[in-house]
Structures are given as C-alpha cells and as structure tokens.
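Novice: For reference, the file final10.pdb (PDB, C-alpha atoms and all ligand atoms) is included below:
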MODEL        1
ATOM      1  CA  MET A 289     -33.354  29.255  46.641
ATOM      2  CA  SER A 290     -33.365  25.950  48.511
ATOM      3  CA  GLN A 291     -33.253  22.626  46.821
ATOM      4  CA  ALA A 292     -35.838  20.018  47.834
ATOM      5  CA  THR A 293     -34.173  17.052  46.153
ATOM      6  CA  PRO A 294     -30.523  16.692  45.262
ATOM      7  CA  ALA A 295     -29.571  16.422  41.594
ATOM      8  CA  LEU A 296     -29.448  12.924  40.183
ATOM      9  CA  GLN A 297     -25.939  11.500  40.571
ATOM     10  CA  ALA A 298     -24.179   9.247  38.099
ATOM     11  CA  ASN A 299     -24.471   6.188  40.349
ATOM     12  CA  ASP A 300     -28.143   6.715  41.268
ATOM     13  CA  ALA A 301     -30.849   4.581  39.687
ATOM     14  CA  CYS A 302     -31.917   6.146  36.387
ATOM     15  CA  TRP A 303     -35.031   8.315  36.446
ATOM     16  CA  CYS A 304     -36.587   6.177  33.718
ATOM     17  CA  GLY A 305     -37.195   3.219  36.034
ATOM     18  CA  SER A 306     -34.956   0.807  34.136
ATOM     19  CA  GLY A 307     -33.209  -0.154  37.387
ATOM     20  CA  ARG A 308     -29.847   0.606  35.773
ATOM     21  CA  LYS A 309     -27.467   3.225  37.055
ATOM     22  CA  TYR A 310     -28.153   6.668  35.614
ATOM     23  CA  LYS A 311     -24.637   6.752  34.102
ATOM     24  CA  ARG A 312     -25.234   3.420  32.361
ATOM     25  CA  CYS A 313     -28.643   4.451  31.071
ATOM     26  CA  HIS A 314     -29.879   7.949  30.060
ATOM     27  CA  LYS A 315     -27.015  10.152  31.297
ATOM     28  CA  GLY A 316     -24.972  10.077  28.119
ATOM     29  CA  ARG A 317     -27.961  10.901  25.939
ATOM     30  CA  GLU A 318     -29.428  13.778  27.875
ATOM     31  CA  GLY A 319     -29.716  16.992  25.931
ATOM     32  CA  ARG A 320     -29.107  14.943  22.803
ATOM     33  CA  VAL A 321     -31.345  14.600  19.790
ATOM     34  CA  THR A 322     -33.466  11.474  19.976
ATOM     35  CA  LYS A 323     -34.357   9.357  16.991
ATOM     36  CA  GLY A 324     -37.995   9.221  15.922
ATOM     37  CA  ARG A 325     -39.832   6.857  13.604
ATOM     38  CA  VAL A 326     -38.839   6.951   9.927
ATOM     39  CA  SER A 327     -41.810   6.513   7.596
ATOM     40  CA  PRO A 328     -41.629   4.420   4.389
ATOM     41  CA  MET A 329     -39.897   5.904   1.349
ATOM     42  CA  ARG A 330     -42.142   8.164  -0.726
ATOM     43  CA  SER A 331     -42.575   7.792  -4.464
ATOM     44  CA  VAL A 332     -42.060  10.223  -7.334
ATOM     45  CA  PRO A 333     -44.499  10.302 -10.283
ATOM     46  CA  SER A 334     -43.228   8.601 -13.432
ATOM     47  CA  SER A 335     -43.607  11.874 -15.366
ATOM     48  CA  ILE A 336     -40.552  13.239 -13.476
ATOM     49  CA  ALA A 337     -37.115  12.424 -14.960
ATOM     50  CA  ARG A 338     -35.131  10.287 -12.515
ATOM     51  CA  PRO A 339     -31.382  10.169 -11.908
ATOM     52  CA  PRO A 340     -29.710   6.858 -12.846
ATOM     53  CA  TYR A 341     -29.581   5.610  -9.224
ATOM     54  CA  ALA A 342     -33.254   6.258  -8.417
ATOM     55  CA  ASP A 343     -34.267   2.602  -8.691
ATOM     56  CA  SER A 344     -31.092   0.676  -7.821
ATOM     57  CA  GLY A 345     -29.790   3.072  -5.165
ATOM     58  CA  ARG A 346     -26.347   2.855  -6.795
ATOM     59  CA  PRO A 347     -24.995   5.811  -8.752
ATOM     60  CA  PRO A 348     -23.007   4.550 -11.780
ATOM     61  CA  ARG A 349     -19.272   5.364 -11.529
ATOM     62  CA  ARG A 350     -18.436   7.317 -14.614
ATOM     63  CA  GLY A 351     -16.251  10.359 -15.029
ATOM     64  CA  GLU A 352     -17.587  13.826 -15.591
ATOM     65  CA  ASP A 353     -15.624  16.726 -17.057
ATOM     66  CA  ASP A 354     -14.534  19.203 -14.375
ATOM     67  CA  VAL A 355     -15.217  22.078 -16.750
ATOM     68  CA  LYS A 356     -18.833  22.272 -17.898
ATOM     69  CA  SER A 357     -20.151  23.385 -21.285
ATOM     70  CA  ALA A 358     -22.278  26.522 -21.543
ATOM     71  CA  GLU A 359     -25.280  24.294 -22.145
ATOM     72  CA  VAL A 360     -24.755  22.294 -18.925
ATOM     73  CA  ILE A 361     -24.124  25.511 -16.997
ATOM     74  CA  ALA A 362     -27.426  26.948 -18.244
ATOM     75  CA  ARG A 363     -29.221  23.876 -16.897
ATOM     76  CA  MET A 364     -27.318  24.092 -13.621
ATOM     77  CA  ARG A 365     -28.475  27.675 -13.146
ATOM     78  CA  ARG A 366     -32.077  26.481 -13.332
ATOM     79  CA  ALA A 367     -31.494  23.551 -10.958
ATOM     80  CA  GLY A 368     -29.626  25.856  -8.574
ATOM     81  CA  ALA A 369     -32.407  28.454  -8.584
ATOM     82  CA  ALA A 370     -34.992  25.731  -7.916
ATOM     83  CA  ALA A 371     -32.942  24.323  -5.007
ATOM     84  CA  ALA A 372     -32.642  27.838  -3.562
ATOM     85  CA  GLU A 373     -36.393  28.369  -3.761
ATOM     86  CA  ILE A 374     -37.148  25.039  -2.081
ATOM     87  CA  LEU A 375     -34.688  25.756   0.726
ATOM     88  CA  ARG A 376     -36.119  29.212   1.323
ATOM     89  CA  ARG A 377     -39.698  27.955   1.449
ATOM     90  CA  ALA A 378     -38.789  24.946   3.632
ATOM     91  CA  GLY A 379     -37.067  27.315   6.062
ATOM     92  CA  GLU A 380     -40.310  29.258   6.377
ATOM     93  CA  ILE A 381     -42.143  26.278   7.874
ATOM     94  CA  VAL A 382     -39.508  25.600  10.561
ATOM     95  CA  ALA A 383     -41.199  26.106  13.966
ATOM     96  CA  PRO A 384     -41.520  24.399  17.334
ATOM     97  CA  GLY A 385     -43.800  21.362  17.040
ATOM     98  CA  VAL A 386     -43.151  20.744  13.327
ATOM     99  CA  THR A 387     -41.636  17.314  12.695
ATOM    100  CA  THR A 388     -38.689  16.874  10.370
ATOM    101  CA  GLU A 389     -40.869  14.373   8.487
ATOM    102  CA  GLU A 390     -43.392  17.158   7.785
ATOM    103  CA  ILE A 391     -40.578  19.269   6.326
ATOM    104  CA  ASP A 392     -39.540  16.277   4.218
ATOM    105  CA  VAL A 393     -43.056  15.888   2.821
ATOM    106  CA  PHE A 394     -43.182  19.612   2.038
ATOM    107  CA  VAL A 395     -39.830  19.482   0.229
ATOM    108  CA  HIS A 396     -40.687  16.262  -1.600
ATOM    109  CA  ASP A 397     -43.965  17.686  -2.935
ATOM    110  CA  LEU A 398     -42.522  21.094  -3.828
ATOM    111  CA  THR A 399     -39.589  19.493  -5.680
ATOM    112  CA  ILE A 400     -42.021  17.503  -7.801
ATOM    113  CA  GLU A 401     -44.197  20.580  -8.355
ATOM    114  CA  LEU A 402     -41.121  22.349  -9.771
ATOM    115  CA  GLY A 403     -40.586  19.389 -12.129
ATOM    116  CA  GLY A 404     -37.613  17.862 -10.318
ATOM    117  CA  TYR A 405     -36.576  14.730  -8.446
ATOM    118  CA  PRO A 406     -35.274  15.089  -4.861
ATOM    119  CA  SER A 407     -31.683  13.946  -5.443
ATOM    120  CA  THR A 408     -31.170  12.354  -2.029
ATOM    121  CA  LEU A 409     -34.103   9.944  -2.429
ATOM    122  CA  ASN A 410     -32.591   6.425  -2.668
ATOM    123  CA  TYR A 411     -29.117   7.881  -3.281
ATOM    124  CA  HIS A 412     -26.979   5.037  -1.903
ATOM    125  CA  GLY A 413     -30.247   3.959  -0.309
ATOM    126  CA  TYR A 414     -30.873   7.209   1.586
ATOM    127  CA  PRO A 415     -34.587   7.033   2.460
ATOM    128  CA  LYS A 416     -35.786  10.679   2.304
ATOM    129  CA  SER A 417     -36.003  13.783   0.118
ATOM    130  CA  LEU A 418     -33.764  16.027   2.182
ATOM    131  CA  CYS A 419     -31.427  15.900   5.174
ATOM    132  CA  THR A 420     -32.528  17.469   8.471
ATOM    133  CA  SER A 421     -29.676  17.821  10.966
ATOM    134  CA  VAL A 422     -30.719  18.978  14.435
ATOM    135  CA  ASN A 423     -28.399  20.418  17.140
ATOM    136  CA  GLU A 424     -25.362  18.099  17.489
ATOM    137  CA  VAL A 425     -26.151  16.300  14.229
ATOM    138  CA  ILE A 426     -23.442  17.402  11.782
ATOM    139  CA  CYS A 427     -25.052  16.184   8.567
ATOM    140  CA  HIS A 428     -27.229  13.546   6.863
ATOM    141  CA  GLY A 429     -29.885  13.510   9.588
ATOM    142  CA  ILE A 430     -32.888  11.515   8.364
ATOM    143  CA  PRO A 431     -36.293  13.211   8.671
ATOM    144  CA  ASP A 432     -38.466  11.388  11.210
ATOM    145  CA  SER A 433     -41.356  11.802  13.658
ATOM    146  CA  ARG A 434     -39.373  13.947  16.130
ATOM    147  CA  ALA A 435     -40.961  17.388  16.560
ATOM    148  CA  LEU A 436     -38.618  20.365  16.527
ATOM    149  CA  GLN A 437     -38.335  21.945  19.977
ATOM    150  CA  ASP A 438     -38.074  25.579  20.975
ATOM    151  CA  GLY A 439     -34.337  26.307  21.158
ATOM    152  CA  ASP A 440     -33.259  23.707  18.580
ATOM    153  CA  ILE A 441     -31.199  24.555  15.538
ATOM    154  CA  VAL A 442     -31.855  22.607  12.342
ATOM    155  CA  ASN A 443     -29.980  22.391   9.059
ATOM    156  CA  LEU A 444     -32.082  21.717   5.973
ATOM    157  CA  ASP A 445     -30.019  20.328   3.080
ATOM    158  CA  VAL A 446     -31.970  20.448  -0.187
ATOM    159  CA  THR A 447     -30.915  18.891  -3.494
ATOM    160  CA  ILE A 448     -32.927  18.778  -6.715
ATOM    161  CA  TYR A 449     -32.274  16.867  -9.944
ATOM    162  CA  LEU A 450     -33.751  19.016 -12.709
ATOM    163  CA  ASP A 451     -33.044  18.964 -16.458
ATOM    164  CA  GLY A 452     -30.414  16.263 -15.927
ATOM    165  CA  VAL A 453     -28.300  18.147 -13.377
ATOM    166  CA  HIS A 454     -28.214  18.629  -9.620
ATOM    167  CA  GLY A 455     -28.431  21.788  -7.487
ATOM    168  CA  ASP A 456     -27.397  21.472  -3.817
ATOM    169  CA  THR A 457     -27.805  24.037  -1.028
ATOM    170  CA  ASN A 458     -28.347  24.096   2.714
ATOM    171  CA  ALA A 459     -28.789  26.475   5.641
ATOM    172  CA  THR A 460     -29.183  26.255   9.398
ATOM    173  CA  PHE A 461     -32.348  27.692  10.929
ATOM    174  CA  CYS A 462     -33.353  28.614  14.473
ATOM    175  CA  VAL A 463     -36.404  26.960  16.024
ATOM    176  CA  GLY A 464     -38.139  29.536  18.241
ATOM    177  CA  ASP A 465     -35.815  31.189  20.762
ATOM    178  CA  VAL A 466     -32.240  29.970  20.403
ATOM    179  CA  ASP A 467     -29.464  30.730  22.907
ATOM    180  CA  GLN A 468     -26.747  33.229  21.990
ATOM    181  CA  PRO A 469     -23.905  30.672  21.705
ATOM    182  CA  SER A 470     -25.883  28.733  19.100
ATOM    183  CA  GLN A 471     -26.675  31.937  17.205
ATOM    184  CA  ASP A 472     -22.966  32.773  17.233
ATOM    185  CA  LEU A 473     -22.171  29.300  15.895
ATOM    186  CA  ILE A 474     -24.681  29.661  13.058
ATOM    187  CA  ALA A 475     -23.366  33.110  12.197
ATOM    188  CA  CYS A 476     -19.803  31.778  12.075
ATOM    189  CA  ALA A 477     -20.796  28.852   9.857
ATOM    190  CA  GLU A 478     -22.422  31.211   7.382
ATOM    191  CA  ARG A 479     -19.489  33.647   7.430
ATOM    192  CA  SER A 480     -17.092  30.743   6.935
ATOM    193  CA  MET A 481     -19.006  29.615   3.871
ATOM    194  CA  TRP A 482     -18.853  33.135   2.406
ATOM    195  CA  ARG A 483     -15.136  33.403   3.143
ATOM    196  CA  GLY A 484     -14.719  30.150   1.220
ATOM    197  CA  ILE A 485     -16.815  31.432  -1.679
ATOM    198  CA  GLU A 486     -14.837  34.677  -1.799
ATOM    199  CA  ALA A 487     -11.641  32.617  -2.143
ATOM    200  CA  VAL A 488     -12.856  31.086  -5.431
ATOM    201  CA  ARG A 489     -10.680  32.439  -8.266
ATOM    202  CA  PRO A 490      -9.594  30.887 -11.525
ATOM    203  CA  GLY A 491      -5.925  29.903 -11.496
ATOM    204  CA  ARG A 492      -5.818  29.389  -7.722
ATOM    205  CA  PRO A 493      -5.665  25.962  -6.025
ATOM    206  CA  LEU A 494      -8.790  24.579  -4.370
ATOM    207  CA  SER A 495      -6.879  24.615  -1.061
ATOM    208  CA  ASP A 496      -7.438  28.403  -0.878
ATOM    209  CA  ILE A 497     -11.074  27.675  -0.016
ATOM    210  CA  GLY A 498     -10.380  25.509   3.012
ATOM    211  CA  ARG A 499      -7.732  27.906   4.242
ATOM    212  CA  ALA A 500     -10.200  30.813   4.236
ATOM    213  CA  ILE A 501     -12.911  28.787   5.953
ATOM    214  CA  GLU A 502     -10.586  27.462   8.608
ATOM    215  CA  GLN A 503      -9.253  30.933   9.416
ATOM    216  CA  GLU A 504     -12.742  32.257  10.024
ATOM    217  CA  ALA A 505     -13.812  29.297  12.186
ATOM    218  CA  HIS A 506     -10.619  29.110  14.202
ATOM    219  CA  ALA A 507     -10.786  32.843  14.965
ATOM    220  CA  ALA A 508     -14.009  32.037  16.830
ATOM    221  CA  ARG A 509     -12.394  28.926  18.393
ATOM    222  CA  PHE A 510     -14.790  26.576  16.640
ATOM    223  CA  GLY A 511     -13.959  23.185  15.123
ATOM    224  CA  VAL A 512     -14.057  22.483  11.374
ATOM    225  CA  VAL A 513     -15.387  19.046  10.415
ATOM    226  CA  ARG A 514     -12.896  17.114   8.280
ATOM    227  CA  ALA A 515     -14.764  13.924   7.467
ATOM    228  CA  PHE A 516     -17.320  15.501   5.112
ATOM    229  CA  VAL A 517     -16.264  17.730   2.256
ATOM    230  CA  GLY A 518     -17.650  19.797  -0.585
ATOM    231  CA  HIS A 519     -17.865  18.099  -3.963
ATOM    232  CA  GLY A 520     -17.965  18.543  -7.682
ATOM    233  CA  ILE A 521     -21.555  18.518  -8.939
ATOM    234  CA  GLY A 522     -23.317  18.572 -12.285
ATOM    235  CA  GLU A 523     -24.834  15.631 -14.119
ATOM    236  CA  GLN A 524     -23.636  13.618 -11.113
ATOM    237  CA  PHE A 525     -24.612  14.459  -7.545
ATOM    238  CA  HIS A 526     -21.060  13.974  -6.242
ATOM    239  CA  ASN A 527     -18.201  13.720  -8.741
ATOM    240  CA  ASP A 528     -14.423  13.519  -8.437
ATOM    241  CA  ILE A 529     -13.719  17.071  -7.284
ATOM    242  CA  GLN A 530     -13.261  17.353  -3.515
ATOM    243  CA  VAL A 531     -13.436  20.651  -1.677
ATOM    244  CA  LEU A 532     -11.908  20.430   1.794
ATOM    245  CA  HIS A 533     -13.112  22.936   4.385
ATOM    246  CA  TYR A 534      -9.711  22.972   6.108
ATOM    247  CA  TYR A 535      -6.269  23.708   4.717
ATOM    248  CA  ASP A 536      -4.368  20.854   3.111
ATOM    249  CA  GLU A 537      -1.378  21.773   0.939
ATOM    250  CA  ARG A 538      -1.836  18.552  -1.043
ATOM    251  CA  GLU A 539      -5.092  19.877  -2.486
ATOM    252  CA  THR A 540      -3.371  21.336  -5.552
ATOM    253  CA  LYS A 541      -6.121  21.027  -8.176
ATOM    254  CA  VAL A 542      -6.460  24.417  -9.838
ATOM    255  CA  MET A 543      -9.804  26.178 -10.224
ATOM    256  CA  ARG A 544     -10.815  26.756 -13.867
ATOM    257  CA  PRO A 545     -13.683  28.785 -15.325
ATOM    258  CA  GLY A 546     -16.620  26.433 -15.888
ATOM    259  CA  MET A 547     -15.932  24.220 -12.860
ATOM    260  CA  THR A 548     -18.919  23.629 -10.589
ATOM    261  CA  PHE A 549     -18.703  22.432  -6.997
ATOM    262  CA  THR A 550     -20.216  22.953  -3.583
ATOM    263  CA  ILE A 551     -18.784  24.729  -0.569
ATOM    264  CA  GLU A 552     -20.484  23.469   2.592
ATOM    265  CA  PRO A 553     -18.491  23.895   5.804
ATOM    266  CA  MET A 554     -19.742  22.164   8.949
ATOM    267  CA  ILE A 555     -18.633  24.153  12.001
ATOM    268  CA  ASN A 556     -18.696  22.636  15.496
ATOM    269  CA  ALA A 557     -19.070  24.517  18.768
ATOM    270  CA  GLY A 558     -16.450  22.148  20.212
ATOM    271  CA  ALA A 559     -14.132  19.557  18.735
ATOM    272  CA  TRP A 560     -14.057  18.786  14.991
ATOM    273  CA  GLN A 561     -14.366  15.006  15.423
ATOM    274  CA  HIS A 562     -17.550  13.172  14.534
ATOM    275  CA  LYS A 563     -19.123   9.818  15.295
ATOM    276  CA  MET A 564     -22.010   7.923  13.764
ATOM    277  CA  ALA A 565     -25.327   7.739  15.633
ATOM    278  CA  PHE A 566     -28.648   5.886  15.558
ATOM    279  CA  ASP A 567     -27.255   2.834  13.722
ATOM    280  CA  ASP A 568     -28.838   4.070  10.504
ATOM    281  CA  GLY A 569     -25.562   4.361   8.602
ATOM    282  CA  TRP A 570     -26.193   8.077   7.889
ATOM    283  CA  THR A 571     -26.558  10.283  10.956
ATOM    284  CA  ALA A 572     -23.224  11.919  11.858
ATOM    285  CA  VAL A 573     -23.030  13.726  15.209
ATOM    286  CA  THR A 574     -20.302  15.632  17.013
ATOM    287  CA  ALA A 575     -18.110  13.362  19.126
ATOM    288  CA  ASP A 576     -18.470  15.680  22.139
ATOM    289  CA  GLY A 577     -22.234  16.252  21.803
ATOM    290  CA  LYS A 578     -21.872  19.992  21.213
ATOM    291  CA  ARG A 579     -23.836  21.668  18.431
ATOM    292  CA  SER A 580     -22.848  21.925  14.773
ATOM    293  CA  ALA A 581     -24.023  24.328  12.053
ATOM    294  CA  GLN A 582     -23.629  24.316   8.264
ATOM    295  CA  PHE A 583     -24.332  26.357   5.134
ATOM    296  CA  GLU A 584     -23.933  25.242   1.514
ATOM    297  CA  HIS A 585     -23.992  26.760  -1.954
ATOM    298  CA  THR A 586     -23.345  25.349  -5.416
ATOM    299  CA  ILE A 587     -20.658  27.489  -7.088
ATOM    300  CA  LEU A 588     -19.551  28.117 -10.680
ATOM    301  CA  VAL A 589     -15.982  29.314 -11.260
ATOM    302  CA  THR A 590     -16.002  32.249 -13.710
ATOM    303  CA  GLU A 591     -13.287  34.350 -15.376
ATOM    304  CA  ALA A 592     -13.935  37.049 -12.776
ATOM    305  CA  GLY A 593     -14.241  34.847  -9.699
ATOM    306  CA  CYS A 594     -17.423  32.907  -9.152
ATOM    307  CA  ASP A 595     -21.206  32.784  -9.444
ATOM    308  CA  VAL A 596     -23.381  31.334  -6.703
ATOM    309  CA  LEU A 597     -25.734  29.070  -8.660
ATOM    310  CA  THR A 598     -27.952  28.512  -5.621
ATOM    311  CA  GLY A 599     -27.958  32.229  -4.742
ATOM    312  CA  GLY A 600     -29.948  34.925  -6.479
ATOM    313  CA  PRO A 601     -33.408  36.198  -5.683
ATOM    314  CA  GLY A 602     -34.800  32.869  -4.513
ATOM    315  CA  ALA A 603     -32.006  32.187  -2.063
ATOM    316  CA  VAL A 604     -32.178  32.007   1.690
ATOM    317  CA  SER A 605     -31.422  35.087   3.637
ATOM    318  CA  PRO A 606     -31.426  33.831   7.183
ATOM    319  CA  SER A 607     -34.088  35.487   9.296
ATOM    320  CA  ALA A 608     -31.863  36.446  12.183
ATOM    321  CA  PRO A 609     -29.115  38.763  13.356
ATOM    322  CA  TRP A 610     -26.503  37.159  11.135
ATOM    323  CA  ARG A 611     -28.258  38.355   7.939
ATOM    324  CA  ARG A 612     -25.555  39.781   5.679
TER
HETATM  325  N1  LIG B   1     -26.856  17.161   0.168
HETATM  326  C1  LIG B   1     -25.747  16.465   0.757
HETATM  327  C2  LIG B   1     -24.507  17.171   0.294
HETATM  328  O1  LIG B   1     -24.427  18.343   0.490
HETATM  329  C3  LIG B   1     -25.688  15.039   0.381
HETATM  330  C4  LIG B   1     -26.727  14.217   0.971
HETATM  331  S1  LIG B   1     -26.523  12.635   0.381
HETATM  332  C5  LIG B   1     -27.605  11.744   1.270
HETATM  333  O2  LIG B   1     -23.621  16.666  -0.310
HETATM  334  F1  LIG B   1     -27.627  10.590   0.735
HETATM  335  F2  LIG B   1     -27.243  11.756   2.506
HETATM  336  F3  LIG B   1     -28.800  12.315   1.216
HETATM  337 CO    CO B   2     -23.366  19.007  -1.162
HETATM  338 CO    CO B   3     -26.247  19.349   0.309
ENDMDL
END
Starting from the file, lay out its structure as structure tokens.
Ligand code: MF3
Ligand code: CO
Ligand code: CO

Specialist:
Amino acid sequence: MSQATPALQANDACWCGSGRKYKRCHKGREGRVTKGRVSPMRSVPSSIARPPYADSGRPPRRGEDDVKSAEVIARMRRAGAAAAEILRRAGEIVAPGVTTEEIDVFVHDLTIELGGYPSTLNYHGYPKSLCTSVNEVICHGIPDSRALQDGDIVNLDVTIYLDGVHGDTNATFCVGDVDQPSQDLIACAERSMWRGIEAVRPGRPLSDIGRAIEQEAHAARFGVVRAFVGHGIGEQFHNDIQVLHYYDERETKVMRPGMTFTIEPMINAGAWQHKMAFDDGWTAVTADGKRSAQFEHTILVTEAGCDVLTGGPGAVSPSAPWRR
C-alpha cells in the first residue's frame, strides 16, 4: 500500500485550520473523549422524598453508625434492588449514537417512577442524575450531548435515595464493537470487584479488600486508581468508612456484621494516576489517556461473609464474554 500524503507531524500546522502547530493544538486530545453541552439541571417532583442536600447542595456533616439496625438494613435492601434495576435497564439502552444525556434522562425518570431521588443530583452541586464515564474517564463524568461511538466503553454509575437510604452501583458497558484490550480491561475490573467482595468477612480488617483487588489487577499489569475509594453508605451517601482498592496496612478498621459500604475499583489500562479534565470540577481522567473501567456494588457484612445489596435478580450481568 502506498501513502499519498505523509502523516501529520507534530510541528505541522494543525488540521483544524487554527494556524497553530499540531502539537500545540489538537495532538494531545486526539483519541480522547470530548466534552459536549451540559443541559440545565432537571427537577424532581415534590412528592418524592429528598435527601438533606437536595436544595443546598451541601450534605450535612453528621456521624452515622457503622453498624446498621435491622430496620435500616431492610430499607437498604430495597434501595439496593432499585439501584440494580435502574443500572440494568440503563445498560440496555447503551448503543452507538445515544448521548450520555439521553441515558441521564432515562435514569432520572426511572428513578422517580420507582419512588426515589437520584442521589447524585445537586450532591455537592453535581448537575446530573448519574455519572457517565467514557473511555479514559475514570469516574464522575457528567452526562452531556456527546453521542456514544462504536468502540467506546462507558461506565454508568447509578445511585438512588429511597426510603431514606442510598443504594449505589455501577458497571462498564461496551458500545458496539469494542477492541479486545478494552474487553480484557473491563473483565479485569469486574473480576477485581468480585475478588474484593469475596474478601469481606467479619473480624477481618478492611485492608483485606484492597489487597485482593490489587492482586487481581496487578496480575494483569493494570493500574489501580488510588484517589477515589469505596465508602460507607446508608442514610448518608458517603459516610466515614473508607474502602481503599489497594493495600494499605494502616487501614485497620475491622469489618463487623451490619456494616454497609461500597466496593468500586477503578482499573486503568496504564498508570494509576489521574488528572482532572474539562474544568468542570468533576471529570477525572487517566493521566496517560489510556482507558479505565469500573464496577461497583453496595455490600452488607453478615455473620457468614457478605450480602450484595445491589445484586440479586435485578442486577447487571454484563452482556459480554466476561459474564460470570
Ligand atoms: N456514585 C458515585 C460513587 O460511587 C458518587 C458520585 S457523586 C457525584 O461514590 F457527585 F459525582 F455524583
Ligand atoms: Co459509590
Ligand atoms: Co457509585
């Protein structure tokens, strides 16, 4: 095959006509997710119970018991099942050409239909009803007018506030035909999450979870994000419990039956480091521009081990080769 025109070089004028050198203009952003338009915040009918931050954007800082009562746990099972159902149904509409905003509208409306409030909406000012993190976006991507493209991967992170408690779950989906390395990354992220879940045992330190996740990810030579961690959850969206996805011996808090928290490892194809993008204060991307995948469940520690509150019949089973 002959080549009619040589490839654009770093010092050539950019293809976009800006007159700037390619390397000073579009080069660094090529193959990267672009930001679309973010529509105005949507509203939630007044008949739906709202979390305390819904109007101010500021969650009140008050403690929450690590160990939940049976009554709170019963409510968390319902919130968890609802979150699982929303995630599963949102995953079904992922396709080339669908905008992340359209998925947001779908999730917003379905959450309300199930009687809940989309926990992310106005949480610390976050403007949408779920997070949509495409390709190299690690987490907290804001739904916008960008259409998903064939070959993209997208994480949908769904949280519902129902009956006074939160349920939080996410999964990474393929858009059309996705290359094998990305499929391998997604499969590893899901396996890592399950390794973490399997490490949940009463009497053991929380650090067992990160150790199990890290082992799985490092075996595949992937990076484990350190800046964002799992969290205690219940009547508050994020409470004082932290669940690291890497091993840290200082994480000595012991797991007790009745504790509820999330496990949500973010696994990078390359380096673990992140940077912030788009100047929106939310979107975190990989520092090296390589892809990142994530899965999340809300977990209850039991006498026997754990229950997956966002699992069960409504939960996502990814529609691809990594199905367990
Ligand atoms: N659902 C995310 C989590 O797993 C939190 C999103 S907070 C937001 O913890 F403000 F970014 F939406
Ligand atoms: Co979470
Ligand atoms: Co989440």

Novice: For this structure, which residues satisfy the selection - the PyMOL selection byres (((not hetatm)) within 6 of (chain B and resi 2)) - when it is evaluated on the file as given? I want them as a PyMOL selection string.

Specialist: chain A and resi 456+518+550

Novice: For atom C4 of ligand LIG 1 (chain B) and CA of Ile381 in chain A, quote the distance in Å rounded to one decimal.

Specialist: 20.8 Å

Novice: List the spatial neighbours of Pro490 in chain A as a list of chain:residue names - criterion: any atom at most 10 Å away, all atoms listed in the file, same-chain residues fewer than 4 positions off excluded.

Specialist: A:Leu494, A:Val542, A:Met543, A:Arg544, A:Pro545, A:Gly546, A:Met547, A:Val589, A:Thr590, A:Glu591, A:Ala592, A:Gly593, A:Cys594

Novice: Near Tyr411 in chain A, within 10 Å and counting only C-alpha atoms, which residues show up once chain neighbours fewer than 6 positions away are dropped, as a list in words?

Specialist: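 That gives Pro339, Pro340, Tyr341, Ala342, Asp343, Ser344, Gly345, Arg346, Pro347, Ser417 and Phe525 of chain A.
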
Novice: If the PyMOL selection byres (((not hetatm)) within 8 of (chain B and resi 1)) is run on the structure shown, which residues does it catch, given as a ChimeraX atom specification?

Specialist: /A:407-419,427-429,445-447,456-458,517-519,525-526,550,552,570,584

Novice: Applying 7 Å and all atoms listed in the file, which residues near Leu450 in chain A remain after dropping the ones on its own chain fewer than 4 positions away? List them as a ChimeraX atom specification.

Specialist: /A:367,403-405,454

Novice: Could you check the closest approach to ligand CO 3 (chain B) for each of A:Arg312, A:His585, A:Arg538, A:Arg514 and tell me which residue wins, using all atoms listed in the file?

Specialist: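 Ranking A:Arg312, A:His585, A:Arg538, A:Arg514 by distance to ligand CO 3 (chain B), first place goes to A:His585.
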
Novice: Given all atoms listed in the file as the basis, pick out the residue of A:Leu375, A:Met364, A:Ala581, A:Val463 nearest to Thr387 in chain A.

Specialist: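 Nearest to Thr387 in chain A: A:Val463.
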
Novice: What's around Asp451 in chain A at 12 Å? Count only C-alpha atoms, leave out sequence neighbours fewer than 5 positions away in its own chain, and write the answer as a CSV table (one decimal) with C-alpha atoms, keeping the file's coordinate frame.

Specialist:
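Wrote part.csv, looks like this:
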chain,number,residue,atom,x,y,z
A,336,ILE,CA,-40.6,13.2,-13.5
A,337,ALA,CA,-37.1,12.4,-15.0
A,338,ARG,CA,-35.1,10.3,-12.5
A,339,PRO,CA,-31.4,10.2,-11.9
A,359,GLU,CA,-25.3,24.3,-22.1
A,360,VAL,CA,-24.8,22.3,-18.9
A,361,ILE,CA,-24.1,25.5,-17.0
A,362,ALA,CA,-27.4,26.9,-18.2
A,363,ARG,CA,-29.2,23.9,-16.9
A,364,MET,CA,-27.3,24.1,-13.6
A,365,ARG,CA,-28.5,27.7,-13.1
A,366,ARG,CA,-32.1,26.5,-13.3
A,367,ALA,CA,-31.5,23.6,-11.0
A,368,GLY,CA,-29.6,25.9,-8.6
A,370,ALA,CA,-35.0,25.7,-7.9
A,402,LEU,CA,-41.1,22.3,-9.8
A,403,GLY,CA,-40.6,19.4,-12.1
A,404,GLY,CA,-37.6,17.9,-10.3
A,405,TYR,CA,-36.6,14.7,-8.4
A,522,GLY,CA,-23.3,18.6,-12.3
A,523,GLU,CA,-24.8,15.6,-14.1

Novice: Rounded to one decimal, what separation in Å do you get between CA of Ala358 in chain A and CA of Thr548 in chain A?

Specialist: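 Going from CA of Ala358 in chain A over to CA of Thr548 in chain A covers 11.8 Å.
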
Novice: What lies within 12 Å of Ile497 in chain A using all atoms listed in the file, ignoring chain neighbours under 6 positions off, as a ChimeraX atom specification?

Specialist: /A:480-489,503-504,517-518,530-537,539-543,549-553,587

Novice: If you measure from CA of Val513 in chain A to CA of Ile555 in chain A, what distance in Å do you get, rounded to one decimal?

Specialist: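 Interatomic distance, CA of Val513 in chain A to CA of Ile555 in chain A: 6.3 Å.
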
Novice: Give the answer as one residue: which of A:Asp568, A:Glu352, A:Gly498, A:Ile521 has the shortest atom-to-atom distance to ligand CO 3 (chain B), using all atoms listed in the file?

Specialist: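 Counting all atoms listed in the file, the residue closest to ligand CO 3 (chain B) is A:Ile521.
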